[in-house]
Structure formats: C-alpha cells, structure tokens
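Engineer: Here you go, coords-v4.cif (mmCIF, C-alpha atoms and all ligand atoms):
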data_input
#
loop_
_atom_site.group_PDB
_atom_site.id
_atom_site.type_symbol
_atom_site.label_atom_id
_atom_site.label_comp_id
_atom_site.auth_asym_id
_atom_site.auth_seq_id
_atom_site.Cartn_x
_atom_site.Cartn_y
_atom_site.Cartn_z
ATOM 1 C CA MET B 240 111.586 115.255 133.963
ATOM 2 C CA ILE B 241 113.587 115.802 137.167
ATOM 3 C CA THR B 242 113.978 113.414 140.099
ATOM 4 C CA CYS B 243 116.180 114.185 143.101
ATOM 5 C CA GLU B 244 116.169 111.793 146.045
ATOM 6 C CA GLY B 245 118.418 112.443 149.008
ATOM 7 C CA LEU B 246 120.636 114.654 146.892
ATOM 8 C CA VAL B 247 123.822 115.708 148.663
ATOM 9 C CA LYS B 248 126.436 118.237 147.572
ATOM 10 C CA ILE B 249 129.512 118.877 149.644
ATOM 11 C CA TYR B 250 132.027 121.518 148.650
ATOM 12 C CA LYS B 251 135.469 120.627 149.939
ATOM 13 C CA SER B 252 138.415 122.953 150.137
ATOM 14 C CA ASP B 253 141.665 122.386 152.056
ATOM 15 C CA ASP B 254 140.302 122.296 155.562
ATOM 16 C CA LEU B 255 136.681 123.285 155.064
ATOM 17 C CA GLU B 256 133.593 121.341 154.115
ATOM 18 C CA VAL B 257 130.359 123.038 153.169
ATOM 19 C CA VAL B 258 127.295 120.827 152.920
ATOM 20 C CA ALA B 259 125.305 122.869 150.418
ATOM 21 C CA LEU B 260 122.602 120.228 149.834
ATOM 22 C CA GLN B 261 121.885 117.761 152.584
ATOM 23 C CA GLY B 262 119.532 115.146 151.211
ATOM 24 C CA LEU B 263 117.245 117.170 149.015
ATOM 25 C CA ASN B 264 114.140 115.700 147.375
ATOM 26 C CA LEU B 265 112.531 117.234 144.336
ATOM 27 C CA HIS B 266 110.308 115.987 141.551
ATOM 28 C CA VAL B 267 109.428 118.059 138.530
ATOM 29 C CA ARG B 268 106.959 116.796 135.934
ATOM 30 C CA ASP B 269 107.519 117.072 132.220
ATOM 31 C CA GLY B 270 105.920 120.312 131.018
ATOM 32 C CA GLU B 271 105.806 121.934 134.436
ATOM 33 C CA MET B 272 106.784 125.551 135.102
ATOM 34 C CA MET B 273 107.888 125.871 138.708
ATOM 35 C CA ALA B 274 109.951 128.055 140.986
ATOM 36 C CA ILE B 275 112.435 127.369 143.756
ATOM 37 C CA ILE B 276 112.674 129.975 146.488
ATOM 38 C CA GLY B 277 114.975 130.221 149.473
ATOM 39 C CA ASN B 278 117.278 132.556 151.325
ATOM 40 C CA SER B 279 120.743 133.428 150.162
ATOM 41 C CA GLY B 280 123.033 130.464 150.727
ATOM 42 C CA SER B 281 120.222 127.907 150.965
ATOM 43 C CA GLY B 282 121.573 125.903 148.026
ATOM 44 C CA LYS B 283 119.486 127.112 145.079
ATOM 45 C CA SER B 284 122.329 127.753 142.650
ATOM 46 C CA THR B 285 124.048 124.577 143.803
ATOM 47 C CA LEU B 286 120.946 122.580 142.870
ATOM 48 C CA LEU B 287 120.565 124.319 139.529
ATOM 49 C CA ASN B 288 124.240 123.820 138.665
ATOM 50 C CA ILE B 289 123.902 120.108 139.331
ATOM 51 C CA LEU B 290 120.742 119.872 137.231
ATOM 52 C CA GLY B 291 122.485 121.817 134.472
ATOM 53 C CA GLY B 292 125.442 119.419 134.474
ATOM 54 C CA LEU B 293 127.841 122.192 135.498
ATOM 55 C CA ASP B 294 128.671 120.611 138.822
ATOM 56 C CA ARG B 295 128.783 117.043 140.050
ATOM 57 C CA PRO B 296 126.553 115.767 142.877
ATOM 58 C CA SER B 297 128.318 114.180 145.889
ATOM 59 C CA ALA B 298 125.719 111.532 146.744
ATOM 60 C CA GLY B 299 122.064 110.586 146.434
ATOM 61 C CA GLN B 300 120.039 110.251 143.278
ATOM 62 C CA VAL B 301 119.496 112.812 140.576
ATOM 63 C CA SER B 302 118.159 112.226 137.104
ATOM 64 C CA VAL B 303 116.873 114.421 134.300
ATOM 65 C CA GLY B 304 114.840 112.580 131.686
ATOM 66 C CA PRO B 305 116.825 109.443 130.833
ATOM 67 C CA TRP B 306 120.096 110.826 132.240
ATOM 68 C CA ASP B 307 121.437 109.712 135.617
ATOM 69 C CA LEU B 308 123.588 112.691 136.590
ATOM 70 C CA LEU B 309 125.498 110.713 139.200
ATOM 71 C CA LYS B 310 126.647 108.070 136.730
ATOM 72 C CA ILE B 311 126.889 110.137 133.565
ATOM 73 C CA THR B 312 130.312 110.136 131.847
ATOM 74 C CA GLU B 313 132.142 113.346 130.949
ATOM 75 C CA GLU B 314 131.479 112.633 127.297
ATOM 76 C CA GLN B 315 127.742 112.150 127.823
ATOM 77 C CA LEU B 316 127.696 115.284 129.952
ATOM 78 C CA VAL B 317 128.847 117.352 126.987
ATOM 79 C CA SER B 318 125.919 116.235 124.858
ATOM 80 C CA TYR B 319 123.544 116.511 127.824
ATOM 81 C CA LYS B 320 124.511 120.162 128.296
ATOM 82 C CA ARG B 321 124.337 120.810 124.575
ATOM 83 C CA ASP B 322 121.045 119.112 123.726
ATOM 84 C CA THR B 323 118.851 118.581 126.769
ATOM 85 C CA VAL B 324 119.207 121.583 128.967
ATOM 86 C CA GLY B 325 119.235 125.360 128.522
ATOM 87 C CA PHE B 326 120.760 127.506 131.249
ATOM 88 C CA ILE B 327 120.368 131.149 132.222
ATOM 89 C CA TRP B 328 122.964 132.133 134.804
ATOM 90 C CA GLN B 329 122.586 134.381 137.791
ATOM 91 C CA SER B 330 125.202 136.722 136.343
ATOM 92 C CA ASN B 331 124.746 137.954 132.810
ATOM 93 C CA ALA B 332 128.455 138.102 132.172
ATOM 94 C CA ARG B 333 128.435 134.321 132.001
ATOM 95 C CA ASN B 334 125.611 134.183 129.481
ATOM 96 C CA LEU B 335 126.835 136.643 126.879
ATOM 97 C CA LEU B 336 129.743 137.465 124.604
ATOM 98 C CA PRO B 337 129.894 141.284 124.649
ATOM 99 C CA TYR B 338 131.817 141.819 121.412
ATOM 100 C CA LEU B 339 129.291 139.875 119.305
ATOM 101 C CA THR B 340 125.853 140.986 118.130
ATOM 102 C CA ALA B 341 122.690 139.597 119.713
ATOM 103 C CA LEU B 342 122.174 137.349 116.691
ATOM 104 C CA GLU B 343 125.764 136.040 116.778
ATOM 105 C CA ASN B 344 125.350 135.336 120.479
ATOM 106 C CA VAL B 345 122.303 133.179 119.795
ATOM 107 C CA GLU B 346 124.086 131.384 116.941
ATOM 108 C CA MET B 347 127.120 130.593 119.101
ATOM 109 C CA PRO B 348 125.706 127.513 120.887
ATOM 110 C CA MET B 349 124.350 126.332 117.532
ATOM 111 C CA MET B 350 127.845 126.638 116.115
ATOM 112 C CA LEU B 351 129.308 124.568 118.944
ATOM 113 C CA SER B 352 127.001 121.723 118.002
ATOM 114 C CA SER B 353 127.445 122.485 114.263
ATOM 115 C CA LYS B 354 123.747 123.084 113.616
ATOM 116 C CA VAL B 355 123.507 126.794 112.801
ATOM 117 C CA ASP B 356 119.932 127.736 111.979
ATOM 118 C CA ARG B 357 119.865 131.478 111.354
ATOM 119 C CA ALA B 358 116.122 131.563 110.760
ATOM 120 C CA TYR B 359 115.488 129.966 114.144
ATOM 121 C CA ALA B 360 117.968 132.294 115.856
ATOM 122 C CA LYS B 361 116.090 135.266 114.395
ATOM 123 C CA GLN B 362 112.778 133.790 115.430
ATOM 124 C CA LEU B 363 114.002 133.394 119.020
ATOM 125 C CA LEU B 364 115.106 137.024 119.153
ATOM 126 C CA GLU B 365 111.746 138.041 117.748
ATOM 127 C CA TRP B 366 110.021 135.993 120.460
ATOM 128 C CA VAL B 367 111.869 137.851 123.184
ATOM 129 C CA GLY B 368 110.963 141.173 121.576
ATOM 130 C CA LEU B 369 114.359 142.021 120.089
ATOM 131 C CA LYS B 370 113.588 141.829 116.394
ATOM 132 C CA ASP B 371 114.875 145.354 115.834
ATOM 133 C CA ARG B 372 117.992 144.975 117.967
ATOM 134 C CA MET B 373 119.420 141.697 116.710
ATOM 135 C CA TYR B 374 122.336 143.312 114.849
ATOM 136 C CA ASN B 375 123.350 145.406 117.856
ATOM 137 C CA LYS B 376 126.393 144.470 119.874
ATOM 138 C CA LEU B 377 125.642 143.453 123.449
ATOM 139 C CA HIS B 378 127.079 146.602 125.032
ATOM 140 C CA GLN B 379 124.578 148.607 122.997
ATOM 141 C CA LEU B 380 121.691 146.865 124.758
ATOM 142 C CA SER B 381 120.141 147.582 128.141
ATOM 143 C CA GLY B 382 120.390 145.150 131.049
ATOM 144 C CA GLY B 383 116.850 143.891 130.474
ATOM 145 C CA GLU B 384 117.468 143.481 126.753
ATOM 146 C CA GLN B 385 120.658 141.557 127.487
ATOM 147 C CA GLN B 386 118.716 139.328 129.828
ATOM 148 C CA ARG B 387 116.285 138.580 126.998
ATOM 149 C CA VAL B 388 119.214 137.769 124.688
ATOM 150 C CA ALA B 389 120.331 135.322 127.387
ATOM 151 C CA ILE B 390 116.915 133.638 127.208
ATOM 152 C CA ALA B 391 117.166 133.363 123.413
ATOM 153 C CA ILE B 392 120.672 131.873 123.747
ATOM 154 C CA SER B 393 119.497 129.302 126.272
ATOM 155 C CA LEU B 394 116.882 128.137 123.763
ATOM 156 C CA ALA B 395 119.190 127.991 120.745
ATOM 157 C CA ASN B 396 119.560 124.224 120.856
ATOM 158 C CA ARG B 397 115.892 123.539 121.530
ATOM 159 C CA PRO B 398 116.314 122.192 125.079
ATOM 160 C CA LYS B 399 113.591 120.209 126.796
ATOM 161 C CA LEU B 400 114.472 121.724 130.150
ATOM 162 C CA LEU B 401 115.190 125.369 130.887
ATOM 163 C CA LEU B 402 116.975 126.295 134.125
ATOM 164 C CA ALA B 403 116.985 129.963 135.093
ATOM 165 C CA ASP B 404 118.936 131.265 138.099
ATOM 166 C CA GLU B 405 117.456 134.627 139.201
ATOM 167 C CA PRO B 406 116.467 135.567 135.632
ATOM 168 C CA THR B 407 114.780 138.753 136.825
ATOM 169 C CA GLY B 408 117.278 139.597 139.550
ATOM 170 C CA SER B 409 118.530 142.836 138.071
ATOM 171 C CA VAL B 410 115.625 144.162 136.004
ATOM 172 C CA ASP B 411 112.625 146.368 136.819
ATOM 173 C CA THR B 412 109.082 145.090 137.369
ATOM 174 C CA ALA B 413 107.957 145.729 133.788
ATOM 175 C CA THR B 414 110.914 143.792 132.332
ATOM 176 C CA SER B 415 110.451 141.080 134.916
ATOM 177 C CA ASP B 416 106.811 140.688 133.819
ATOM 178 C CA LEU B 417 107.909 140.591 130.192
ATOM 179 C CA ILE B 418 110.449 137.848 130.961
ATOM 180 C CA MET B 419 107.910 135.808 132.917
ATOM 181 C CA GLY B 420 105.482 136.191 130.003
ATOM 182 C CA ILE B 421 108.136 134.826 127.629
ATOM 183 C CA PHE B 422 108.718 131.849 129.939
ATOM 184 C CA ARG B 423 105.006 131.123 130.111
ATOM 185 C CA ARG B 424 104.711 131.165 126.330
ATOM 186 C CA LEU B 425 107.693 128.874 125.889
ATOM 187 C CA ASN B 426 106.192 126.560 128.453
ATOM 188 C CA GLN B 427 102.722 126.502 126.901
ATOM 189 C CA GLU B 428 103.579 126.630 123.220
ATOM 190 C CA LEU B 429 106.765 124.570 123.089
ATOM 191 C CA GLY B 430 106.103 122.425 126.159
ATOM 192 C CA ILE B 431 109.510 123.248 127.672
ATOM 193 C CA THR B 432 109.845 122.343 131.354
ATOM 194 C CA ILE B 433 111.016 125.426 133.252
ATOM 195 C CA VAL B 434 112.656 125.710 136.669
ATOM 196 C CA ILE B 435 113.193 129.242 137.941
ATOM 197 C CA VAL B 436 115.270 130.059 141.007
ATOM 198 C CA THR B 437 114.361 133.312 142.689
ATOM 199 C CA HIS B 438 114.327 135.377 145.873
ATOM 200 C CA ASP B 439 111.340 137.199 144.506
ATOM 201 C CA LEU B 440 108.007 136.102 145.942
ATOM 202 C CA THR B 441 106.125 138.204 143.400
ATOM 203 C CA LEU B 442 107.230 135.721 140.733
ATOM 204 C CA ALA B 443 105.787 132.867 142.712
ATOM 205 C CA GLY B 444 102.243 133.769 141.698
ATOM 206 C CA LYS B 445 103.176 133.296 138.065
ATOM 207 C CA VAL B 446 104.192 129.646 138.201
ATOM 208 C CA ASP B 447 102.264 126.429 138.855
ATOM 209 C CA ARG B 448 104.198 125.396 141.916
ATOM 210 C CA VAL B 449 106.783 126.816 144.299
ATOM 211 C CA VAL B 450 109.188 124.742 146.350
ATOM 212 C CA ALA B 451 111.039 126.332 149.251
ATOM 213 C CA ILE B 452 114.590 125.276 150.094
ATOM 214 C CA ARG B 453 115.884 125.758 153.616
ATOM 215 C CA ASP B 454 119.428 124.767 154.579
ATOM 216 C CA GLY B 455 119.849 122.537 151.545
ATOM 217 C CA LEU B 456 116.582 120.659 152.105
ATOM 218 C CA THR B 457 113.242 121.132 150.409
ATOM 219 C CA SER B 458 110.905 122.115 153.203
ATOM 220 C CA THR B 459 107.643 123.533 151.974
ATOM 221 C CA GLU B 460 105.694 123.301 148.776
ATOM 222 C CA PHE B 461 103.060 125.696 147.446
ATOM 223 C CA VAL B 462 100.723 124.440 144.736
ATOM 224 C CA LYS B 463 98.490 126.807 142.826
ATOM 225 C CA ARG B 464 94.876 126.541 143.989
ATOM 226 C CA ASN B 465 93.347 126.927 140.566
ATOM 227 C CA PRO B 466 95.784 125.721 137.955
ATOM 228 C CA ASN B 467 93.411 126.797 135.188
ATOM 229 C CA LEU B 468 93.826 130.452 136.016
ATOM 230 C CA ASP B 469 95.956 131.835 133.304
ATOM 231 C CA ASP B 470 98.500 133.374 135.512
ATOM 232 C CA VAL B 471 100.563 135.960 133.766
ATOM 233 C CA GLN B 472 97.568 138.028 132.773
ATOM 234 C CA GLN B 473 94.973 137.205 135.390
ATOM 235 C CA LEU B 474 97.113 137.383 138.474
ATOM 236 C CA GLY B 475 97.867 140.972 137.662
ATOM 237 C CA ASP B 476 101.176 142.676 137.336
ATOM 238 C CA GLY B 477 102.580 140.963 140.364
ATOM 239 C CA ALA B 478 103.372 144.233 142.058
ATOM 240 C CA GLY B 479 100.643 143.608 144.604
ATOM 241 C CA VAL B 480 101.608 140.050 145.425
ATOM 242 C CA GLY B 481 103.738 140.579 148.494
ATOM 243 C CA ALA B 482 105.137 138.104 150.961
ATOM 244 C CA GLY B 483 101.602 137.082 151.944
ATOM 245 C CA GLY B 484 100.544 136.785 148.318
ATOM 246 C CA ILE B 485 101.954 133.331 147.913
ATOM 247 C CA HIS B 486 99.446 132.047 150.451
ATOM 248 C CA SER B 487 96.432 133.557 148.738
ATOM 249 C CA ILE B 488 97.305 132.007 145.391
ATOM 250 C CA HIS B 489 98.922 128.773 146.489
ATOM 251 C CA GLU B 490 98.018 125.945 148.832
ATOM 252 C CA GLU B 491 100.872 125.242 151.236
ATOM 253 C CA TYR B 492 102.184 121.717 151.830
ATOM 254 C CA VAL B 493 105.009 120.297 153.839
ATOM 255 C CA VAL B 494 107.203 117.989 151.777
ATOM 256 C CA VAL B 495 107.174 114.325 152.853
ATOM 257 C CA ASP B 496 109.982 112.250 151.401
ATOM 258 C CA ARG B 497 109.795 108.688 150.138
ATOM 259 C CA VAL B 498 110.506 107.152 153.524
ATOM 260 C CA GLY B 499 108.039 109.424 155.324
ATOM 261 C CA ARG B 500 110.313 112.098 156.762
ATOM 262 C CA LEU B 501 109.173 115.690 156.923
ATOM 263 C CA GLN B 502 110.737 118.888 158.167
ATOM 264 C CA ILE B 503 108.839 120.720 160.907
ATOM 265 C CA PRO B 504 109.347 124.506 160.797
ATOM 266 C CA LYS B 505 111.730 125.679 163.492
ATOM 267 C CA ALA B 506 109.208 128.235 164.759
ATOM 268 C CA TYR B 507 106.671 125.481 165.563
ATOM 269 C CA LEU B 508 109.281 123.443 167.412
ATOM 270 C CA THR B 509 110.430 126.451 169.400
ATOM 271 C CA ALA B 510 106.887 127.445 170.281
ATOM 272 C CA LEU B 511 106.229 123.982 171.713
ATOM 273 C CA GLN B 512 109.738 123.587 173.144
ATOM 274 C CA ILE B 513 110.234 120.404 171.164
ATOM 275 C CA THR B 514 113.921 119.626 170.935
ATOM 276 C CA ASP B 515 114.984 116.066 170.234
ATOM 277 C CA ARG B 516 111.750 114.102 170.522
ATOM 278 C CA ALA B 517 108.017 114.581 170.263
ATOM 279 C CA SER B 518 104.944 112.498 170.785
ATOM 280 C CA MET B 519 102.801 111.658 167.780
ATOM 281 C CA GLU B 520 99.176 110.533 167.741
ATOM 282 C CA PHE B 521 96.969 109.485 164.867
ATOM 283 C CA ASP B 522 93.229 109.998 165.300
ATOM 284 C CA GLY B 523 92.187 108.424 162.016
ATOM 285 C CA GLU B 524 92.173 111.734 160.141
ATOM 286 C CA ARG B 525 94.987 113.788 161.523
ATOM 287 C CA ILE B 526 98.472 113.268 162.810
ATOM 288 C CA ILE B 527 99.077 115.315 165.944
ATOM 289 C CA ILE B 528 102.605 116.126 167.006
ATOM 290 C CA SER B 529 103.035 117.422 170.539
ATOM 291 C CA PRO B 530 105.807 117.890 173.115
ATOM 292 C CA PRO B 531 106.818 114.746 175.024
ATOM 293 C CA LYS B 532 104.480 114.089 177.961
ATOM 294 C CA SER B 533 107.080 114.989 180.588
ATOM 295 C CA LEU B 534 107.160 118.567 179.300
ATOM 296 C CA GLU B 535 103.426 119.109 179.447
ATOM 297 C CA GLY B 536 101.683 120.947 182.290
HETATM 298 N N1 LIG Q 1 132.246 126.495 144.983
HETATM 299 C C1 LIG Q 1 131.906 126.527 146.280
HETATM 300 N N2 LIG Q 1 132.784 126.180 147.244
HETATM 301 C C2 LIG Q 1 132.472 126.194 148.543
HETATM 302 N N3 LIG Q 1 131.255 126.520 149.001
HETATM 303 C C3 LIG Q 1 130.321 126.873 148.103
HETATM 304 C C4 LIG Q 1 130.590 126.902 146.694
HETATM 305 N N4 LIG Q 1 129.465 127.288 146.059
HETATM 306 C C5 LIG Q 1 128.554 127.499 147.005
HETATM 307 N N5 LIG Q 1 129.031 127.248 148.231
HETATM 308 C C6 LIG Q 1 128.310 127.341 149.521
HETATM 309 O O1 LIG Q 1 127.172 126.496 149.442
HETATM 310 C C7 LIG Q 1 126.038 127.115 150.048
HETATM 311 C C8 LIG Q 1 124.912 127.242 149.033
HETATM 312 O O2 LIG Q 1 125.292 128.167 148.025
HETATM 313 P P1 LIG Q 1 124.374 128.532 146.781
HETATM 314 O O3 LIG Q 1 125.179 129.355 145.837
HETATM 315 O O4 LIG Q 1 123.767 127.290 146.241
HETATM 316 O O5 LIG Q 1 123.243 129.425 147.474
HETATM 317 P P2 LIG Q 1 122.008 130.198 146.826
HETATM 318 O O6 LIG Q 1 120.786 129.653 147.480
HETATM 319 O O7 LIG Q 1 122.075 130.147 145.344
HETATM 320 O O8 LIG Q 1 122.244 131.695 147.329
HETATM 321 P P3 LIG Q 1 121.948 133.108 146.584
HETATM 322 O O9 LIG Q 1 120.480 133.324 146.735
HETATM 323 O O10 LIG Q 1 122.749 134.074 147.398
HETATM 324 O O11 LIG Q 1 122.382 133.021 145.164
HETATM 325 C C9 LIG Q 1 126.525 128.445 150.594
HETATM 326 O O12 LIG Q 1 126.847 128.260 151.956
HETATM 327 C C10 LIG Q 1 127.786 128.731 149.791
HETATM 328 O O13 LIG Q 1 128.694 129.501 150.536
HETATM 329 MG MG MG Q 2 122.411 131.619 143.854
#
So that I can check it, write out the structure of this file as structure tokens.
Ligand SMILES: Nc1ncnc2c1ncn2[C@@H]1O[C@H](COP(=O)(O)OP(=O)(O)OP(=O)(O)O)[C@@H](O)[C@H]1O
Ligand SMILES: [Mg+2]
Structural biologist:
Amino acid sequence: MITCEGLVKIYKSDDLEVVALQGLNLHVRDGEMMAIIGNSGSGKSTLLNILGGLDRPSAGQVSVGPWDLLKITEEQLVSYKRDTVGFIWQSNARNLLPYLTALENVEMPMMLSSKVDRAYAKQLLEWVGLKDRMYNKLHQLSGGEQQRVAIAISLANRPKLLLADEPTGSVDTATSDLIMGIFRRLNQELGITIVIVTHDLTLAGKVDRVVAIRDGLTSTEFVKRNPNLDDVQQLGDGAGVGAGGIHSIHEEYVVVDRVGRLQIPKAYLTALQITDRASMEFDGERIIISPPKSLEG
C-alpha cells in the first residue's frame, strides 16, 4: 500500500532550510495496522502529510497504491485526497466544522465529491458510538466525542488508507482504548490499512507493527511476536504497557534499507567510541561491528 524509499522533505524559508525527512524508508502492506513513533520534531507529521497528499515530497520515492506522489499532478491529487485516503489531523480544529451537526460534518466530504449517502453517514456515527448524538452541534460534544466524529468524517468517502496523526493525543485512557478499538474493527472488518502516528507507547501494543523515526530516518522496527493475539482485548487496557512494554510484546529489529544501510543507535556508538569508522566481521552467522583496531586495548 505504501512505499517510501529515500524520502526527503526539506522545508525552505527565506534563509533557513529544515531537513525534516532525510532519506526515509518505509513499507506498509495492504491491510496492515501499524504505528509510527518518534520524538517531537522527528518528522512524523511531515511524513503523514506527504502520504496524505497535503504536502509535496522534495526527493526520493513515495507511492501509495498506484499513485506516485512525486509525479502526481495537482488534478490527480484532488481525487487522490478525496477517494483513496482518509486523514485525521493532530488538531481537531482542522477536522471539524463547529457550527454543523455531527451528521452534517460526516456528510460534508461526501458533498464535496457529490456522493451524499446519509444512511452510510449515520452508520459511521453509529460505529463510533455516537448514534444518539448525531444531531448535536460539535460544540455540544466532548473532546473525545469530537475525536470520534473526526474518525467518522475521515471514513466518509470509504478510503483504502487511513492516516491518523496523534488520534488519542488529547483524550483519556478509556476514550483512547475506545478509539483504538474502532480502528481495529475498521481494519479487520473493512480491510482498511491504518497508519497511526503517536508519542504514546501504550498504543504500540495494540498494532501489528511499530516503526520508530529518529531525525527523519526510520531507525528501529518492532514486530508483534504473536500476530494472532487479538490485541485490543487480550493485551489488556494498555495502562500497564509502559515504555518497556513494547519490548515484551514486540520483537525489535533494526531497519536495513534496500542498499544495505542501517542506523546504529547513538548509545552503542558512544559506548564503543566509534566515530567515523568501524571494523566489521562476518562469522557465518553474525555480523560483528567493533571499534577500529587502533582504538582497541
Ligand atoms: N512548514 C514547516 N516549515 C518549516 N519547518 C517545518 C515545517 N513543518 C515542520 N517543520 C520542521 O520539520 C521537523 C519535523 O516536524 P514534524 O511536524 O514532522 O515533527 P513531528 O514528529 O510530527 O513532531 P510532534 O510530535 O511534535 O508533532 C521539525 O524540525 C519542524 O520544526
Ligand atoms: Mg506532529
């Protein structure tokens, strides 16, 4: 569904250049539900905005389904955003129109592509648990309820790919669990591919795979040990899955790109005082990276 190879995004202003993504690699399979974690400023929203067609990549390769997002025309981009991808923004203000009811909000994207399907809009609101609130205006709903309206809106045009930027950023644990449960159902029952960006490691236990971004590069990948575990229920309420939790549920891998490059964690390099070169041996089973000989003993 998603392929990024050496994806680069540079933000340029008058005299400043910010390299937000510096050659990122990412592959997401059709039907996968995965999360991207990383510190503030690591490039998560930048990546999601590019995948959502809201921002243009600077260089590299990036495709979603049949669409090449580097070569796509403005005209094609409009239909890409309308038909292929659903987006939930980091800030709710961008998702919602406050003076309309929940139902009208969900119908809005349908209206823009002239395919209003009221029955489906109602069904979506029912799915996110807002059957009884669909005629309420947005300001009459709580933050968590508004966030669920945002999910219903993002699904209005039956996208194949759902991109969610911090969808549980401003809600409590119970609402966060509810939202993750909705995502899992959409993923399993409708087969929608879901990419969730989050700071929150407790969410990581509820997806199949977690990819960590550091400084605009994908660095580490965690794959669920037993993919048959049915997460949302069996992995508990998530409250107990702390920073170490990701390791108990997921197997950790370092990402190796197509030409064989990998990123060695800074802490390992520092511990071994490796700066600009290292020696590498292959013993038939393992690859051993050590400080250059001159530094040893
Ligand atoms: N429009 C922009 N112009 C210039 N620089 C930008 C722009 N948008 C983002 N950046 C910079 O690019 C880098 C990555 O930003 P991004 O928003 O992708 O981070 P993030 O991982 O989503 O962070 P957070 O977790 O805080 O949301 C940051 O250094 C940020 O300051
Ligand atoms: Mg962000």
Engineer: Name the residues that the PyMOL selection byres (((not hetatm)) within 10 of (chain Q and resi 2)) pulls out of this structure, and write them as a list of chain:residue names.
Structural biologist: B:Gly277, B:Asn278, B:Ser279, B:Gly280, B:Ser281, B:Gly282, B:Lys283, B:Ser284, B:Thr285, B:Leu286, B:Leu287, B:Asn288, B:Trp328, B:Gln329, B:Ser330, B:Asp404, B:Glu405, B:Val436, B:Thr437, B:His438
Engineer: Name all residues at most 10 Å from stretch 364-381 of chain B (count all atoms listed in the file; drop same-chain ones fewer than 4 positions away) and give them as an mmCIF file with C-alpha atoms, in the coordinates of the input.
Structural biologist:
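For reference, out_31.cif as written:
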data_model
loop_
_atom_site.group_PDB
_atom_site.id
_atom_site.type_symbol
_atom_site.label_atom_id
_atom_site.label_comp_id
_atom_site.auth_asym_id
_atom_site.auth_seq_id
_atom_site.Cartn_x
_atom_site.Cartn_y
_atom_site.Cartn_z
ATOM 1 C CA LEU B 335 126.835 136.643 126.879
ATOM 2 C CA LEU B 336 129.743 137.465 124.604
ATOM 3 C CA PRO B 337 129.894 141.284 124.649
ATOM 4 C CA TYR B 338 131.817 141.819 121.412
ATOM 5 C CA LEU B 339 129.291 139.875 119.305
ATOM 6 C CA THR B 340 125.853 140.986 118.130
ATOM 7 C CA ALA B 341 122.690 139.597 119.713
ATOM 8 C CA LEU B 342 122.174 137.349 116.691
ATOM 9 C CA GLU B 343 125.764 136.040 116.778
ATOM 10 C CA ASN B 344 125.350 135.336 120.479
ATOM 11 C CA VAL B 345 122.303 133.179 119.795
ATOM 12 C CA TYR B 359 115.488 129.966 114.144
ATOM 13 C CA ALA B 360 117.968 132.294 115.856
ATOM 14 C CA GLN B 385 120.658 141.557 127.487
ATOM 15 C CA GLN B 386 118.716 139.328 129.828
ATOM 16 C CA ARG B 387 116.285 138.580 126.998
ATOM 17 C CA VAL B 388 119.214 137.769 124.688
ATOM 18 C CA ALA B 389 120.331 135.322 127.387
ATOM 19 C CA ILE B 390 116.915 133.638 127.208
ATOM 20 C CA ALA B 391 117.166 133.363 123.413
ATOM 21 C CA ILE B 392 120.672 131.873 123.747
ATOM 22 C CA VAL B 410 115.625 144.162 136.004
ATOM 23 C CA LEU B 417 107.909 140.591 130.192
ATOM 24 C CA ILE B 418 110.449 137.848 130.961
ATOM 25 C CA GLY B 420 105.482 136.191 130.003
ATOM 26 C CA ILE B 421 108.136 134.826 127.629
ATOM 27 C CA PHE B 422 108.718 131.849 129.939
ATOM 28 C CA ARG B 424 104.711 131.165 126.330
ATOM 29 C CA LEU B 425 107.693 128.874 125.889
#
Engineer: Can you translate the PyMOL selection byres (((chain B and resi 298) around 8) and not hetatm) into the concrete residues it hits in this file, as a list in words?
Structural biologist: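 Expected selection for the PyMOL selection byres (((chain B and resi 298) around 8) and not hetatm) here is Gly245, Leu246, Val247, Lys248, Pro296, Ser297, Gly299, Gln300 and Leu309 of chain B.
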Engineer: Put those residues in a file: C-alpha atoms, as a short mmCIF file (atom, residue, chain, number, x, y, z; two decimals), keeping the file's coordinate frame.
Structural biologist:
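Okay, out_9.cif is ready:
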data_model
loop_
_atom_site.label_atom_id
_atom_site.label_comp_id
_atom_site.auth_asym_id
_atom_site.auth_seq_id
_atom_site.Cartn_x
_atom_site.Cartn_y
_atom_site.Cartn_z
CA GLY B 245 118.42 112.44 149.01
CA LEU B 246 120.64 114.65 146.89
CA VAL B 247 123.82 115.71 148.66
CA LYS B 248 126.44 118.24 147.57
CA PRO B 296 126.55 115.77 142.88
CA SER B 297 128.32 114.18 145.89
CA GLY B 299 122.06 110.59 146.43
CA GLN B 300 120.04 110.25 143.28
CA LEU B 309 125.50 110.71 139.20
#
Engineer: Restricting the calculation to only C-alpha atoms and all ligand atoms: of B:Phe326, B:Phe521, B:Tyr319, B:Tyr250, which residue gets closest to ligand LIG 1 (chain Q)?
Structural biologist: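 Checking each candidate against ligand LIG 1 (chain Q), we get B:Tyr250 as the closest.
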Engineer: Edge lengths and centre in Å to one decimal, as AutoDock Vina command-line options, is what I'm after for the box along x, y and z that holds all listed atoms of ligand LIG 1 (chain Q) once 3 Å is added on each side.
Structural biologist:
--center_x 126.6 --center_y 130.1 --center_z 148.5 --size_x 18.3 --size_y 13.9 --size_z 13.0
Engineer: Assuming the chain letters and numbering stay as they are in my file, what does the PyMOL selection byres (((chain B and resi 306) around 12) and not hetatm) actually select? List them as a list in words.
Structural biologist: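 That selection, the PyMOL selection byres (((chain B and resi 306) around 12) and not hetatm), comes back as Met240, Ile241, Thr242, Leu290, Gly291, Gly292, Gln300, Val301, Ser302, Val303, Gly304, Pro305, Asp307, Leu308, Leu309, Lys310, Ile311, Thr312, Gln315, Leu316, Ser318, Tyr319, Lys320, Asp322, Thr323 and Val324 of chain B.
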Engineer: Which of these, B:Ala332, B:Leu351, B:Val257, B:Ala358, has the shortest distance to ligand LIG 1 (chain Q) once you count only C-alpha atoms and all ligand atoms?
Structural biologist: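 For ligand LIG 1 (chain Q), the nearest of the given residues is B:Val257.
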Engineer: Nearest residue to B:Val498 out of B:Asn264, B:Ala413, B:Val450, B:Leu440, using all atoms listed in the file?
Structural biologist: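 Among the listed residues, the smallest separation from B:Val498 belongs to B:Asn264.
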Engineer: Quick check, in Å to one decimal: how far apart do atom CA of B:Ile289 and atom CA of B:Met350 lie?
Structural biologist: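 Value for the atom CA of B:Ile289-atom CA of B:Met350 distance: 24.4 Å.
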Engineer: Some atoms are missing, so please complete stretch 443-448 of chain B with N, CA and C atoms and return it as a short mmCIF file (atom, residue, chain, number, x, y, z; two decimals), in the frame of the given file.
Structural biologist:
data_model
loop_
_atom_site.label_atom_id
_atom_site.label_comp_id
_atom_site.auth_asym_id
_atom_site.auth_seq_id
_atom_site.Cartn_x
_atom_site.Cartn_y
_atom_site.Cartn_z
N ALA B 443 106.37 134.14 142.32
CA ALA B 443 105.79 132.87 142.71
C ALA B 443 104.35 132.71 142.23
N GLY B 444 103.63 133.83 142.15
CA GLY B 444 102.24 133.77 141.70
C GLY B 444 102.12 133.43 140.22
N LYS B 445 103.23 133.47 139.52
CA LYS B 445 103.18 133.30 138.06
C LYS B 445 103.60 131.91 137.62
N VAL B 446 103.81 131.02 138.56
CA VAL B 446 104.19 129.65 138.20
C VAL B 446 103.17 128.68 138.81
N ASP B 447 103.24 127.42 138.39
CA ASP B 447 102.26 126.43 138.85
C ASP B 447 102.54 126.00 140.29
N ARG B 448 103.82 125.98 140.64
CA ARG B 448 104.20 125.40 141.92
C ARG B 448 105.48 126.06 142.40
#
